[in-house]
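The next block holds one structure in the form of structure tokens; read it before the comments.
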There are 2 protein chains.
Amino acid sequence: MKQQRKPDVLVELAKRRGIFWPSYEIYGGVRGLLTLGNIGFEIKRRLENLWIKYFVHSRNFQIIESPVIGPRLVYVASGHETQFTDKALRCEKCGAVYRADHLLSEAGITIPEGALLQQIDEVVSTRGVKCPNCKGDLSKAFQWLLMFKTEIGAGSGEIGYLRPETAQGIFTEFKRLYVHGRSSLPMGVAQVGRVFRNEVSPRQGPIRLREFTIMEVEFFFDPDSPGPAEKNYLEHDIPVLTAEDQEKGLSDFRKIRVKDAVEKGLFTNNWLPFFLVLTKRFLEALKIPENAFRFREKLPNERAHYAKQLFDCEVLLESWGWTEVAGFAYRTDYDLSGHMRVSGEDMNVFISSSGRRIVPHVVEPSFGAERLLYALLEYSLRIEEDGRICLSTPPYLSPFDVSVFPLLSKPDFVKKAEEVAKMLGDFKVNFDDSGSIGRRYARSDEIGIPFAVTIDHQTFSDDSVTLRFRDTREQRRIGIESLQAELSKMLSTPKPDI
Amino acid sequence: MKQQRKPDVLVELAKRRGIFWPSYEIYGGVRGLLTLGNIGFEIKRRLENLWIKYFVHSRNFQIIESPVIGPRLVYVASGHETQFTDKALRCEKCGAVYRADHLLSEAGITIPEGALLQQIDEVVSTRGVKCPNCKGDLSKAFQWLLMFKTEIGAGSGEIGYLRPETAQGIFTEFKRLYVHGRSSLPMGVAQVGRVFRNEVSPRQGPIRLREFTIMEVEFFFDPDSPGPAEKNYLEHDIPVLTAEDQEKGLSDFRKIRVKDAVEKGLFTNNWLPFFLVLTKRFLEALKIPENAFRFREKLPNERAHYAKQLFDCEVLLESWGWTEVAGFAYRTDYDLSGHMRVSGEDMNVFISSSGRRIVPHVVEPSFGAERLLYALLEYSLRIEEDGRICLSTPPYLSPFDVSVFPLLSKPDFVKKAEEVAKMLGDFKVNFDDSGSIGRRYARSDEIGIPFAVTIDHQTFSDDSVTLRFRDTREQRRIGIESLQAELSKMLSTPKPDI
């Protein structure tokens, strides 16, 4: 039997069982837009809840919800209108538009990420690069704005942008949020929400999306303060690929003790490594294997315009190699100062311990929910020796907690199963009474339900049921009265201790 | 002491404590955009979870997540591009644009909701209506498209719209969803997500928003089938204001037994009343008082273009009177047939019991999350005789489950309080150790936390704490070991039984 590639199996499974698929296929599809089916949605919502537990509730941060649409001035002040761009080339003949780096890379030419428009024009000209579609001549390179644009309301024609990050919806409201946070630093404000990036022409399936869910914290702090009060984070080892190592031509990450890295001055502030450690704990809860993720420090020419230092958290995926799933930017006071300048509002705060007025600095941990979901799925997928598929997600990240099946579709079996399902009302129950029990187990395994309870003949004599385990296919008898406690124990969520 | 209006108190509280406020105030604000602060977000997320429990999990429906942006053809097929409009008038002098019905109503002229452009022009001309802003002449009435428009990707200039409802992201994916739903009817598919409506010039604060969260079910069924198998819904009484009564000039709702209404032919199908009953149960869980909501049948000229019959669920609010918080549309096969016609894809399904091929019909219960949140808050707000504010939300719809306070800010009190907070890790805990205990109770009451646990002197002798109840200010001693069980009981969520 031919060995199947995991990503191919996953994409097929995802369409067949309702995890994810490209949207609007009946209209030919739109690149970079994805629909999550029932199974995908339920897993993603639990992933979001777990992130909120780790990055919001356990830290006593605020979490808010701000609009998708922002008036133009917000993105003037943030620098996005001029800086949040890709370099692009247009075919003068057929009109196709390409990302310059992608087009040149397909022509076998590598350019540095920070290359200027002029450098691109020179390469195109000296190497005679043409449109791969129609061999037409290419335009001069130009900046393509990655924000979607729209107009707000009638009459005024006010320009609005769809947010490319939720961050600006926090920065613009900083003065109120600071009061809600009892007017003290440090202060974390999180947001989980949809963001939009008008990619020139995305081609990486579920990975490069024009719409996705971001989960981010804007963490405000006094840059003269020493960092986290609890020092446990210093004792963790984390996998890091430094900018320095990359400049030496090295490409393997090293496990480093945070304390040593801090002493060597790797981090521009002490909150960055704190959030890297918290992220390590979070990825452990997702069961991403130890050597399958790393923190890569981005090189100066790779950094977003607002970042003084930037680490990506990358997960190793079979189709796309090391893939960014989160970013950790030290944004300094760039954003608040920008909004002060453009709006005229004072965003200084008073630090009572030292009697200074400062504009707070910001560290931002920012996660892509769909990419994390994809990584979780790829590492959960098991293709068994008999060819059957098992989605071994951690129980607390499964779409349902438990399946409840009557062994037979006879009325008394169904009725009893419905009673058990109702008794388990605090859990998310997948009730299924159609088809053979074997097929129901197989389906339950494929969509990642960790446990199955089956009402069978013996149930009627001693009130016991079969409890079946997805990952081992082991079956065990258990009294109905013990089910709730047993399931609660097996479904408990890990704690975000550092 | 002057009696304060509840809505004024609520809006002030909402800004001060981080429930909601107008977004982008530092840039002068954008009408119809709202930010939810920490307290607002947490209550809204629980409201969404409760809705999902009632309208998705308890019915074994699917719930999915589709993109905000849709290619133009989707909204051609759905009829929105031509039908989802408001009639507007532009001032020829100052350029201001007005919703025709609002402008005329302010001039003391009422026009029917279905009035034609020509009728509006006649009224404007005969009554000599001018621009209220500059007294300039008004343009001819025109259709203002209520969808936000954008362009997708580079080069092609493909037009996209921001969805005004999540429904089309379900209809376009119907063929896959039907397979995931085991290829049988009836089938419910839900979505909770952000939608966008480019209102001409919204002026109703938190009620008329350009961006809000919709919670909706597209319920697909065979129009020749008899309706719900369980008949309990027929025995409920629901408050209804029928179209017939309105046409007779009546404006009071009547409590009617569903069975009688069905027999009299009030409903075009039996699923509509089923969802009205489920909604009644849901509003009961929100503690909206019995006579403060009603189901108003919309008149033919008030109905959305896709609806053959439409009921609004309206809640009585102090500032806005009877206010729509949900709609129940019988959409027939309008949408699926539209997508069949425009995409060329066959959306017929085979009904094995009768051997027919049909395009399923759709009933759509659709809820506005922010309006429900506002209604919940207005009915939860209590202004006490001593002037203090208490937000008496149902415990399961509170932003946090429980406050944990050390009576004093001494290290041993704080340490013990932290231990108790950690022990309550499965609950959402508001830990607060700053300020006097009285102020902490007052703050906890204002943001709607139903219970407070205080670690005091006695705690150190007998391991008991003070348990305080928000709604009565009653205090009771309880052993720490009993806290979890006691809180679990008091925080339990009602079941969506019909």
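The way I read the labels, and the way they are meant: chains A, B, ... in the order of the structure tokens, residue 1 as the first residue of every chain, and ligand 1 as the first ligand shown, with later ones counted on from there.
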Just the helix (DSSP H, G or I) stuff from segment 51-144 of chain B, please, per backbone DSSP, written as a ChimeraX atom specification.
/B:51-55,57-59,72-77,80-83,100-106,117-127
Residues of chain B within 7 Å of chain A, counting only C-alpha atoms, as JSON, numbers by chain:
{"B": [17, 18, 24, 26, 27, 33, 34, 35, 36, 37, 38, 41, 62, 63, 64, 65, 66, 67, 95, 96, 97, 148, 149, 150, 151, 152, 153, 154, 155, 172, 173, 180, 198, 199, 200, 201, 211, 343, 345]}
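Among the candidates A:Arg477, A:Lys410, A:His361, A:Arg382, the one nearest to Ile447 of chain A when counting only C-alpha atoms is A:Arg382.
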Would you mind telling me which residue in B:Arg341, B:Lys140, B:Arg439, B:Lys308 lies nearest to Asp121 of chain B when using only C-alpha atoms?
B:Lys140
Output as a PyMOL selection string all residues of segment 46-89 of chain B that backbone DSSP marks as strand (DSSP E).
chain B and resi 62-64+69-71+85-89
Hey, what's within 6 Å of segment 290-296 of chain B if we count only C-alpha atoms and toss same-chain stuff fewer than 6 positions away? As a PDB file with all heavy atoms, in the first residue's frame, please?
```
ATOM      1  N   PRO B 239     -46.318  35.440  23.270  1.00  0.00           N
ATOM      2  CA  PRO B 239     -46.884  36.771  23.051  1.00  0.00           C
ATOM      3  C   PRO B 239     -46.727  37.184  21.588  1.00  0.00           C
ATOM      4  O   PRO B 239     -45.609  37.388  21.123  1.00  0.00           O
ATOM      5  CB  PRO B 239     -46.037  37.664  23.960  1.00  0.00           C
ATOM      6  CG  PRO B 239     -44.712  36.954  24.062  1.00  0.00           C
ATOM      7  CD  PRO B 239     -44.953  35.494  23.838  1.00  0.00           C
ATOM      8  N   VAL B 240     -47.833  37.296  20.877  1.00  0.00           N
ATOM      9  CA  VAL B 240     -47.771  37.568  19.434  1.00  0.00           C
ATOM     10  C   VAL B 240     -48.612  38.781  19.072  1.00  0.00           C
ATOM     11  O   VAL B 240     -49.715  38.965  19.583  1.00  0.00           O
ATOM     12  CB  VAL B 240     -48.264  36.341  18.625  1.00  0.00           C
ATOM     13  CG1 VAL B 240     -48.267  36.647  17.128  1.00  0.00           C
ATOM     14  CG2 VAL B 240     -47.395  35.120  18.906  1.00  0.00           C
ATOM     15  N   LEU B 241     -48.070  39.622  18.208  1.00  0.00           N
ATOM     16  CA  LEU B 241     -48.845  40.689  17.579  1.00  0.00           C
ATOM     17  C   LEU B 241     -48.911  40.342  16.090  1.00  0.00           C
ATOM     18  O   LEU B 241     -47.914  40.432  15.380  1.00  0.00           O
ATOM     19  CB  LEU B 241     -48.165  42.045  17.795  1.00  0.00           C
ATOM     20  CG  LEU B 241     -48.818  43.265  17.150  1.00  0.00           C
ATOM     21  CD1 LEU B 241     -50.277  43.432  17.585  1.00  0.00           C
ATOM     22  CD2 LEU B 241     -48.027  44.535  17.468  1.00  0.00           C
ATOM     23  N   PHE B 311     -41.334  37.098  11.450  1.00  0.00           N
ATOM     24  CA  PHE B 311     -41.654  37.600  12.790  1.00  0.00           C
ATOM     25  C   PHE B 311     -40.409  38.265  13.361  1.00  0.00           C
ATOM     26  O   PHE B 311     -39.309  37.731  13.231  1.00  0.00           O
ATOM     27  CB  PHE B 311     -42.085  36.454  13.717  1.00  0.00           C
ATOM     28  CG  PHE B 311     -43.445  35.916  13.425  1.00  0.00           C
ATOM     29  CD1 PHE B 311     -43.632  34.959  12.438  1.00  0.00           C
ATOM     30  CD2 PHE B 311     -44.552  36.374  14.130  1.00  0.00           C
ATOM     31  CE1 PHE B 311     -44.897  34.462  12.158  1.00  0.00           C
ATOM     32  CE2 PHE B 311     -45.823  35.883  13.854  1.00  0.00           C
ATOM     33  CZ  PHE B 311     -45.997  34.929  12.857  1.00  0.00           C
ATOM     34  N   ASP B 312     -40.588  39.412  13.989  1.00  0.00           N
ATOM     35  CA  ASP B 312     -39.507  39.991  14.772  1.00  0.00           C
ATOM     36  C   ASP B 312     -39.751  39.661  16.229  1.00  0.00           C
ATOM     37  O   ASP B 312     -40.895  39.719  16.697  1.00  0.00           O
ATOM     38  CB  ASP B 312     -39.481  41.522  14.632  1.00  0.00           C
ATOM     39  CG  ASP B 312     -38.687  41.976  13.425  1.00  0.00           C
ATOM     40  OD1 ASP B 312     -38.111  41.105  12.724  1.00  0.00           O
ATOM     41  OD2 ASP B 312     -38.641  43.194  13.165  1.00  0.00           O
ATOM     42  N   CYS B 313     -38.672  39.336  16.949  1.00  0.00           N
ATOM     43  CA  CYS B 313     -38.781  39.315  18.404  1.00  0.00           C
ATOM     44  C   CYS B 313     -38.357  40.687  18.887  1.00  0.00           C
ATOM     45  O   CYS B 313     -37.260  41.145  18.588  1.00  0.00           O
ATOM     46  CB  CYS B 313     -37.889  38.227  18.984  1.00  0.00           C
ATOM     47  SG  CYS B 313     -37.895  38.266  20.791  1.00  0.00           S
ATOM     48  N   GLU B 314     -39.262  41.359  19.597  1.00  0.00           N
ATOM     49  CA  GLU B 314     -38.989  42.713  20.066  1.00  0.00           C
ATOM     50  C   GLU B 314     -38.958  42.750  21.585  1.00  0.00           C
ATOM     51  O   GLU B 314     -39.766  42.100  22.250  1.00  0.00           O
ATOM     52  CB  GLU B 314     -40.062  43.671  19.546  1.00  0.00           C
ATOM     53  CG  GLU B 314     -40.110  43.733  18.019  1.00  0.00           C
ATOM     54  CD  GLU B 314     -41.236  44.619  17.493  1.00  0.00           C
ATOM     55  OE1 GLU B 314     -42.277  44.738  18.164  1.00  0.00           O
ATOM     56  OE2 GLU B 314     -41.055  45.187  16.394  1.00  0.00           O
ATOM     57  N   VAL B 315     -38.009  43.505  22.119  1.00  0.00           N
ATOM     58  CA  VAL B 315     -37.918  43.710  23.562  1.00  0.00           C
ATOM     59  C   VAL B 315     -38.192  45.185  23.837  1.00  0.00           C
ATOM     60  O   VAL B 315     -37.746  46.063  23.094  1.00  0.00           O
ATOM     61  CB  VAL B 315     -36.528  43.293  24.099  1.00  0.00           C
ATOM     62  CG1 VAL B 315     -36.386  43.644  25.581  1.00  0.00           C
ATOM     63  CG2 VAL B 315     -36.290  41.799  23.899  1.00  0.00           C
ATOM     64  N   LEU B 316     -38.928  45.446  24.896  1.00  0.00           N
ATOM     65  CA  LEU B 316     -39.275  46.824  25.241  1.00  0.00           C
ATOM     66  C   LEU B 316     -38.109  47.484  25.978  1.00  0.00           C
ATOM     67  O   LEU B 316     -37.732  47.054  27.063  1.00  0.00           O
ATOM     68  CB  LEU B 316     -40.519  46.818  26.131  1.00  0.00           C
ATOM     69  CG  LEU B 316     -41.185  48.168  26.406  1.00  0.00           C
ATOM     70  CD1 LEU B 316     -41.596  48.863  25.111  1.00  0.00           C
ATOM     71  CD2 LEU B 316     -42.395  47.986  27.319  1.00  0.00           C
TER      72      LEU B 316
END
```
So that I can check the surroundings of Ala369 of chain B, please list as a list in words every protein, DNA and RNA residue that reaches within 10 Å of it, counting only C-alpha atoms and ignoring chain neighbours fewer than 6 positions away.
Lys44, Arg45, Leu47, Glu48, Trp51, Val192, Gly193, Arg194, Phe212, Thr213, Ile214, Met215, Val325, Ala326 and Ala375 of chain B
Quick one: everything within 7 Å of segment 267-274 of chain A, counting only C-alpha atoms, minus sequence neighbours fewer than 5 positions away in the same chain. Send it as a ChimeraX atom specification.
/A:227-228,233,258,262,309,328,363
Keeping only N, CA and C atoms, write those residues as a PDB file, in the first residue's frame.
```
ATOM      1  N   GLY A 227      10.730  43.972  34.849  1.00  0.00           N
ATOM      2  CA  GLY A 227      10.139  42.786  34.225  1.00  0.00           C
ATOM      3  C   GLY A 227       9.329  41.986  35.221  1.00  0.00           C
ATOM      4  N   PRO A 228       8.990  40.738  34.881  1.00  0.00           N
ATOM      5  CA  PRO A 228       8.091  39.934  35.712  1.00  0.00           C
ATOM      6  C   PRO A 228       8.586  39.797  37.147  1.00  0.00           C
ATOM      7  N   TYR A 233      10.148  31.909  35.205  1.00  0.00           N
ATOM      8  CA  TYR A 233      10.343  31.820  33.756  1.00  0.00           C
ATOM      9  C   TYR A 233      11.817  31.742  33.396  1.00  0.00           C
ATOM     10  N   VAL A 258      16.594  30.398  29.715  1.00  0.00           N
ATOM     11  CA  VAL A 258      16.193  31.802  29.596  1.00  0.00           C
ATOM     12  C   VAL A 258      17.123  32.706  30.399  1.00  0.00           C
ATOM     13  N   VAL A 262      18.993  35.921  28.950  1.00  0.00           N
ATOM     14  CA  VAL A 262      18.753  37.271  29.490  1.00  0.00           C
ATOM     15  C   VAL A 262      20.080  37.909  29.892  1.00  0.00           C
ATOM     16  N   GLN A 309      12.296  44.627  18.130  1.00  0.00           N
ATOM     17  CA  GLN A 309      12.785  43.243  18.132  1.00  0.00           C
ATOM     18  C   GLN A 309      11.582  42.345  17.890  1.00  0.00           C
ATOM     19  N   PHE A 328       6.156  37.693  18.267  1.00  0.00           N
ATOM     20  CA  PHE A 328       6.352  38.392  19.550  1.00  0.00           C
ATOM     21  C   PHE A 328       7.144  39.653  19.257  1.00  0.00           C
ATOM     22  N   VAL A 363       4.865  45.071  24.488  1.00  0.00           N
ATOM     23  CA  VAL A 363       5.250  43.787  23.897  1.00  0.00           C
ATOM     24  C   VAL A 363       3.975  43.104  23.454  1.00  0.00           C
TER      25      VAL A 363
END
```
Find the residues near Phe220 of chain B: any atom within 6 Å, counting only C-alpha atoms, skip ones fewer than 4 places away on the same chain, and give them as a list of chain:residue names.
B:Pro186, B:Met187, B:Pro360, B:His361, B:Val362
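Atom CA of Ser78 of chain A lies 13.8 Å from atom CA of Gly160 of chain A.
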Got a sec: who's within 8 Å of Ala452 of chain A, counting only C-alpha atoms, leaving out chain neighbours fewer than 3 positions off, as a ChimeraX atom specification?
/A:402-405,441,444,449,466-470
